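J.: Starting off with a structure, shown below.
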Amino acid sequence: MTAEQAAPASAAQIAVHWREEEYRHPPARFIAQANAGDPRILERFGEDHFPECFKEYADLLSWDAYWHTTLDTSNAPFWRWFVGGRLNACYNCVDRHLPSSRNKAAFIWVPEPETERTEAVTYQELYRRVNEFAALLRDFCRVRVGDRVTFHLPMVPELPVSMLACARLGVVHSEVFGGFSGSACGDRIADSGSHILVTMDGYYRNGELIDHKAKADEALATARKLGMEVDKVLVWRRHPGRYASASPMVDGRDYFVDDLIKEYRGLLVEPVSMPAEAPLFLMYTSGTTARPKGCQHSTGGYLAYVAGTSKYYQDIHPEDTYWCFADIGWITGHSYIVYGPLALGTTSVLYEGVPTYPDPGRPWRIAERLGVTIFHTAPTTIRMLRKLGPDEPAKYDYHFKHMTTVGEPIEPDVWRWYYEVVGKREAVIVDTWWQTENGGFLGSTLPALQPMKPGSCGPGVLGIYPVIYDEDRNVVEAGSGRAGNICIRNPWPGIFQTIWGQPERFVQLYYEKYCRNKDSTDWHDWPYLAGDGAVQAPDGYFRILGRIDDVINVAGHRLGTKELESASLTVAEVAEAAAVPVVDELRGRVVEMYVALKPGIAASAEIEAKVAGAIETEIGKIARPRSVWIVPDMPKTRSGKIMRRVIAGISNFADVGDVSTLANPEIVDDIRHRVQGVKVSRGEVPRELSSQEVEEITAFGRAEG
Ligand code: PRX
C-alpha cells in the first residue's frame with residue numbers, strides 16, 4: 001500500500017461535525033406572490049412522475065414541433081430529452097415577447113464608469129441587433145448550422161447579442177470568460193474548431209479601460225500552434241467608432257463590427273428551427289487533467305431547464321427587475337443572466353465592472369436606481385462587500401424580494417450578513433448548488449415552500465434526486481453525519497450532452513464510478529457523479545463540502561491543479577510543480593504553487609516571478625498564485641507521486657498527517673520551516689481551520705491516487 005492510499009482517502013470517509021443552523025422562514029409577502037407557492041408542485045415532480053414532470057418546464061417554451069419522447073435512454077448515458085421536438089432558442093428569448101413587451105427592457109446595461117449612462121436594450125431593439133448580427137455572421141462569415149464560433153467578450157450587451165445571433169442561426173457559441181488570457185482562449189478555439197473569433201477592443205475594470213483586443217492576437221497564435229486557423233476576428237468597439245486597443249487590426253482578418261453591421265441594417269433572419277437535441281453552446285471548465293472540458297449543452301432540454309428553474313427558484317415574474325451579478329463568461333451568466341430570464345420575458349441587469357468600483361456602495365446604488373427586485377451573486381462578492389462596506393446597504397433605498405448565492409459554500413456568518421444587512425430581512429435567500437456541466441440548479445430550497453438553513457443548499461431541486469455514496473458504493477444515509485460523494489440518481493433536461501470531442505471521457509469522468517451495468521439502458525443504473533463531497537442532514541438538506549477532483553475553487557472560479565502545474569512547467573528552469581489551495585478570508589481559496597528546479601539552478605525571486613507570470617499568460621489573472629515556493633524537492637511517495645496533501649497542510653498551517661512512509665520524509669520539516677517562516681513574517685497565518693476545511697486540505701491530491 002502506498003502512502004497515498006494509506007492517507008485519509010477522502011473527505012468522503014470522514015465524519016464531519018458542525019453545528020446545525022436554525023431554519024429561517026420566507027417572509028409572508030414573498031410567499032403570497034411566489035411562482036411556486038402551492039406544495040402540490042413537490043408531488044408533481046416526485047419520482048413517480050419522472051420524466052414526464054419536466055413537460056411542465058418544456059411547456060414554458062414555444063415549440064415549432066412538439067416532442068414525441070420526453071426522455072430517450074437508449075444510448076445511456078447520452079440522454080436525449082424532448083426527442084422529436086423542434087424550437088429556436090433565440091425566438092424563445094426574443095421574438096415571442098415582442099407582441100406583449102416590445103418596448104420593455106430586456107437588458108439594462110450599467111457601464112462601470114458612473115459618468116457613462118445606463119443603457120436599456122428593449123426587446124424590440126434586441127430583436128433588431130440580434131438579427132443584424134446574425135445576418136453578418138451568416139453572410140459575411142458564412143457560418144452555418146452546427147459551426148462553432150468563439151467569443152472572448154466582456155460584460156457588455158454585445159455578448160448576449162452575439163449569443164442570441166448564433167442561437168438564431170443554429171450555430172454553437174463558445175464564450176470564453178473575458179478575464180482568461182489570450183492563450184487560454186486559443187486553446188478553446190482550437191478544441192472547439194472555431195474559424196471565427198468575436199471579441200472587443202477594450203472594457204472597463206476598476207476604472208481602467210483594459211486593452212482586450214491584444215489577447216485576440218495571442219489567442220490566434222496559440223490556436224495556430226494547435227493546428228487551427230481562424231479566418232476572421234470580429235471586433236466590437238466599446239465606444240463605436242473609437243478604437244481603444246494598441247493592437248493593430250490585421251488586414252483581411254480583423255473587422256470592426258460597428259463598421260460592417262451598417263451593411264446589414266434592417267435585415268431579418270428567419271430563426272432556424274432546431275431539433276431539441278441540437279447543441280446550443282459549449283462552456284469550457286476545468287477538471288483533473290490539464291485539458292479543459294467543453295461542456296456541450298442542448299437547445300430544448302437546456303432552455304426548458306433554465307426557464308423552469310428561473311421561474312420557480314429565482315421566482316422571476318415578467319415584471320421583475322432581475323440582477324444576476326455574475327459574468328456571462330461563466331455558466332451562471334449563460335443560464336441566469338441570458339437564457340433563463342429572457343425565456344421568461346423579464347428585465348435582466350448587466351453590470352460591466354467590479355463590485356466595489358468606485359466604492360462598495362456601488363451595487364446598492366444600482367439596485368436603488370433600477371428598482372432591482374431579485375439579486376443573485378457569489379459568496380466571494382458578498383464577503384468582499386461586507387469587508388469593505390459593512391454599513392453601505394442601509395444607506396440605499398432598495399428592496400429585494402429574493403436573493404441567491406452560488407458557486408461556493410457560504411459560511412453561515414456571511415449568510416447572516418447577506419440576509420440581515422443586504423436583504424434587510426425582507427428577502428428570501430436560495431443557496432443554489434450546481435455546476436457548469438448541469439445547465440441549472442441541482443440543490444436549493446424552493447423559496448416559498450422550504451425554509452432556509454444558512455450554510456446548506458437544501459434538498460435536491462424539483463425533479464432532481466440526489467444521493468450520497470461512499471467509496472464502496474454504499475448509500476450514506478441522511479443524518480449519519482458521514483460525508484460522501486454526492487451523485488444525482490436521474491437524468492434531467494439541463495444536463496450537458498457530452499464533453500466536446502471526448503465522449504469517452506464524458507462517460508468515464510461522470511458515470512463510470514457508480515455505474516451498475518454498462519450495458520444497461522435503464523437510467524437507474526447510471527448515477528451522475530458530481531465531483532463534490534457532501535453531507536446530508538436528517539431533514540434531507542445537503543451541505544456541499546467542495547471538490548473531490550483537484551479543482552481549486554478560487555472566488556467561485558474552477559481552476560484545475562493540472563492546468564496550473566503545466567503552466568508552471570513552461571518555465572524552463574522548473575522541473576516539477578504542484579498547486580495547492582489555501583484558505584482565504586475573501587476569496588474562499590487562493591492558489592499557492594510549489595516548484596522544484598532543474599539540477600544546478602539556484603532559487604531566485606526572478607524564477608518565482610516567471611512562474612506567476614506563466615500562469616497569468618497561460619490561464620489568466622484570476623489564477624495568479626498568492627505565492628510561489630521554490631523547494632529543494634517535493635514530498636513524494638515511494639512510487640514517485642507528489643504528495644499534495646502534505647504541502648497543502650503546510651501552506652495552511654494544518655496537520656500534515658503521517659509522513660513516515662514517504663520516500664523523503666525529511667523534506668517535510670525543511671519545507672515547513674521555510675514556508676511557514678516566511679508566512680509568519682508576512683502575517684499570512686490563516687485563522688484556525690474548521691474541521692470541514694481541514695478535511696478538504698488533507699484529502700487534496702486524492703484524485704491522482
Ligand atoms: O464545488 C461546487 C461549487 O462549485 C463547483 C462548480 O463550479 P462551476 O462549474 O464553475 O459552476 C459554478 C456555478 C454553478 C461545484 O462542483 N459550488 C457551486 N455552487 C455551490 C458550490 N459549493 C457550495 N455551495 C454552492 N451553492
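Residue numbering restarts at 1 in every chain; chains get A, B, ... in the order shown in the C-alpha cells, and ligands count up from 1 in that same order.
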Could you give me the residues within 6 Å of ligand 1, counting only C-alpha atoms and all ligand atoms, as a PyMOL selection string?

T.: chain A and resi 332+406-409+431-436+457+532+544+546-547+557-558

J.: Using DSSP on the backbone coordinates, identify all residues within range 357-440 of chain A classified as strand (DSSP E); present the result as a PyMOL selection string.

T.: chain A and resi 374-377+402-406+428-432

J.: Identify which of the residues A:Phe180, A:Phe542, A:Phe281, A:Tyr302 lies closest to Ile499 in chain A, counting only C-alpha atoms when measuring atom-to-atom distances.

T.: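 Nearest candidate to Ile499 in chain A out of A:Phe180, A:Phe542, A:Phe281, A:Tyr302: A:Phe281.
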
J.: At a cut-off of 9 Å, using only C-alpha atoms, what residues contact range 649-660 of chain A? Leave out same-chain residues fewer than 5 positions from it and give the result as a PyMOL selection string.

T.: chain A and resi 3+7-8+580-583+592+635+644+665-666+668+671-672+675-676+679+685-686+688-689+694+697-698

J.: Given the selection you just returned, output its residues as a file containing N, CA, C and O atoms, formatted as a tab-separated table (two decimals), in the first residue's frame.

T.:
```
chain	number	residue	atom	x	y	z
A	3	ALA	N	1.77	5.32	0.47
A	3	ALA	CA	1.39	6.30	1.49
A	3	ALA	C	0.13	7.03	1.05
A	3	ALA	O	-0.74	7.35	1.86
A	7	ALA	N	-3.28	7.30	3.34
A	7	ALA	CA	-3.72	8.59	3.86
A	7	ALA	C	-5.24	8.58	3.97
A	7	ALA	O	-5.89	7.80	3.31
A	8	PRO	N	-5.80	9.48	4.82
A	8	PRO	CA	-7.26	9.56	4.87
A	8	PRO	C	-7.75	9.68	3.43
A	8	PRO	O	-7.41	10.63	2.73
A	580	VAL	N	-1.57	24.00	-4.75
A	580	VAL	CA	-2.43	23.63	-3.60
A	580	VAL	C	-3.35	24.80	-3.23
A	580	VAL	O	-3.03	25.96	-3.48
A	581	PRO	N	-4.50	24.48	-2.61
A	581	PRO	CA	-5.43	25.52	-2.17
A	581	PRO	C	-5.07	26.03	-0.78
A	581	PRO	O	-4.67	25.25	0.08
A	582	VAL	N	-5.23	27.33	-0.58
A	582	VAL	CA	-5.01	27.90	0.74
A	582	VAL	C	-6.26	28.69	1.11
A	582	VAL	O	-6.80	29.45	0.30
A	583	VAL	N	-6.72	28.47	2.33
A	583	VAL	CA	-7.95	29.13	2.79
A	583	VAL	C	-7.73	30.64	2.85
A	583	VAL	O	-6.71	31.10	3.36
A	592	GLU	N	-1.50	28.41	-4.06
A	592	GLU	CA	-0.06	28.56	-3.87
A	592	GLU	C	0.62	27.49	-4.71
A	592	GLU	O	0.15	26.36	-4.79
A	635	PRO	N	7.72	16.52	-1.47
A	635	PRO	CA	7.47	15.29	-0.72
A	635	PRO	C	6.82	14.27	-1.65
A	635	PRO	O	5.88	14.61	-2.38
A	644	ARG	N	0.48	16.13	-2.59
A	644	ARG	CA	-0.08	17.48	-2.50
A	644	ARG	C	-0.71	17.76	-1.14
A	644	ARG	O	-0.69	18.87	-0.65
A	665	PRO	N	10.85	11.62	3.82
A	665	PRO	CA	10.12	12.31	4.89
A	665	PRO	C	10.86	13.53	5.44
A	665	PRO	O	10.22	14.47	5.92
A	666	GLU	N	12.18	13.53	5.35
A	666	GLU	CA	12.95	14.63	5.95
A	666	GLU	C	12.66	15.97	5.27
A	666	GLU	O	12.78	17.03	5.88
A	668	VAL	N	9.89	17.24	4.56
A	668	VAL	CA	8.67	17.89	5.04
A	668	VAL	C	8.99	19.00	6.04
A	668	VAL	O	8.50	20.13	5.93
A	671	ILE	N	10.66	21.99	4.32
A	671	ILE	CA	9.72	22.88	3.61
A	671	ILE	C	8.87	23.67	4.61
A	671	ILE	O	8.64	24.86	4.45
A	672	ARG	N	8.44	22.98	5.65
A	672	ARG	CA	7.60	23.65	6.64
A	672	ARG	C	8.31	24.86	7.23
A	672	ARG	O	7.75	25.96	7.33
A	675	VAL	N	8.62	27.72	4.49
A	675	VAL	CA	7.36	28.34	4.05
A	675	VAL	C	6.66	29.04	5.21
A	675	VAL	O	6.27	30.20	5.12
A	676	GLN	N	6.52	28.31	6.31
A	676	GLN	CA	5.78	28.91	7.42
A	676	GLN	C	6.55	30.08	8.02
A	676	GLN	O	5.95	31.05	8.48
A	679	LYS	N	5.74	32.98	5.86
A	679	LYS	CA	4.34	33.37	6.03
A	679	LYS	C	4.12	34.10	7.36
A	679	LYS	O	3.38	35.08	7.42
A	685	VAL	N	-0.70	34.09	8.33
A	685	VAL	CA	-1.13	32.88	9.02
A	685	VAL	C	-2.65	32.82	8.97
A	685	VAL	O	-3.32	33.74	9.41
A	686	PRO	N	-3.21	31.75	8.41
A	686	PRO	CA	-4.68	31.71	8.34
A	686	PRO	C	-5.27	31.49	9.72
A	686	PRO	O	-4.60	30.98	10.61
A	688	GLU	N	-7.72	29.64	12.45
A	688	GLU	CA	-7.82	28.19	12.67
A	688	GLU	C	-8.87	27.62	11.72
A	688	GLU	O	-9.96	28.18	11.56
A	689	LEU	N	-8.55	26.51	11.08
A	689	LEU	CA	-9.46	25.97	10.08
A	689	LEU	C	-10.59	25.19	10.75
A	689	LEU	O	-10.40	24.59	11.81
A	694	VAL	N	-10.20	21.40	7.14
A	694	VAL	CA	-9.06	20.51	7.36
A	694	VAL	C	-9.21	19.27	6.50
A	694	VAL	O	-8.28	18.80	5.85
A	697	ILE	N	-8.41	20.00	2.86
A	697	ILE	CA	-6.98	20.19	2.63
A	697	ILE	C	-6.24	18.84	2.71
A	697	ILE	O	-5.40	18.53	1.88
A	698	THR	N	-6.61	18.04	3.72
A	698	THR	CA	-5.85	16.81	3.89
A	698	THR	C	-6.26	15.73	2.89
A	698	THR	O	-5.57	14.73	2.73
```

J.: Just want the 6 Å neighbourhood of range 595-612 of chain A, counted on only C-alpha atoms, with same-chain residues fewer than 3 positions away dropped. Output as a CSV table (one decimal) with C-alpha atoms, in the first residue's frame.

T.:
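After the write, result.csv holds the following:
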```csv
chain,number,residue,atom,x,y,z
A,568,SER,CA,4.4,26.5,-14.4
A,573,GLU,CA,14.1,26.3,-15.0
A,574,VAL,CA,11.2,24.3,-13.4
A,575,ALA,CA,11.4,20.6,-13.1
A,576,GLU,CA,8.3,19.8,-11.0
A,577,ALA,CA,5.3,21.8,-9.9
A,615,ILE,CA,0.3,31.2,-15.0
A,624,ARG,CA,-2.3,34.1,-10.3
A,628,VAL,CA,5.4,30.6,-5.5
A,630,ILE,CA,10.8,27.1,-4.6
A,631,VAL,CA,11.6,23.9,-2.7
A,632,PRO,CA,14.7,21.6,-3.0
A,633,ASP,CA,12.4,18.6,-3.6
```

J.: For a test of reading the model, state the distance in Å between CA of Val646 in chain A and CA of Gly287 in chain A, rounded to one decimal.

T.: 21.0 Å

J.: List every residue of range 242-434 of chain A that DSSP, applied to the backbone of this structure, assigns to helix (DSSP H, G or I), and report them as an MDAnalysis selection string.

T.: chainID A and resid 257:264 300:312 331:343 362:370 379:388 393:395 412:422

J.: Kindly give the distance, in Å, that separates CA of Gly170 in chain A and CA of Thr299 in chain A, rounded to a single decimal.

T.: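 Atom-to-atom, CA of Gly170 in chain A and CA of Thr299 in chain A are spaced 9.2 Å apart.
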
J.: When you look at range 94-98 of chain A with a cut-off of 7 Å (counting only C-alpha atoms), what residues show up, excluding the ones that are within fewer than 4 positions of it in the same chain? I need them as number ranges by chain.

T.: A: 90, 102, 123-124, 127, 345

J.: Would you mind telling me which residue in A:Gly241, A:Gly308, A:Pro275, A:Pro318 lies nearest to Trp492 in chain A when using only C-alpha atoms?

T.: A:Gly308
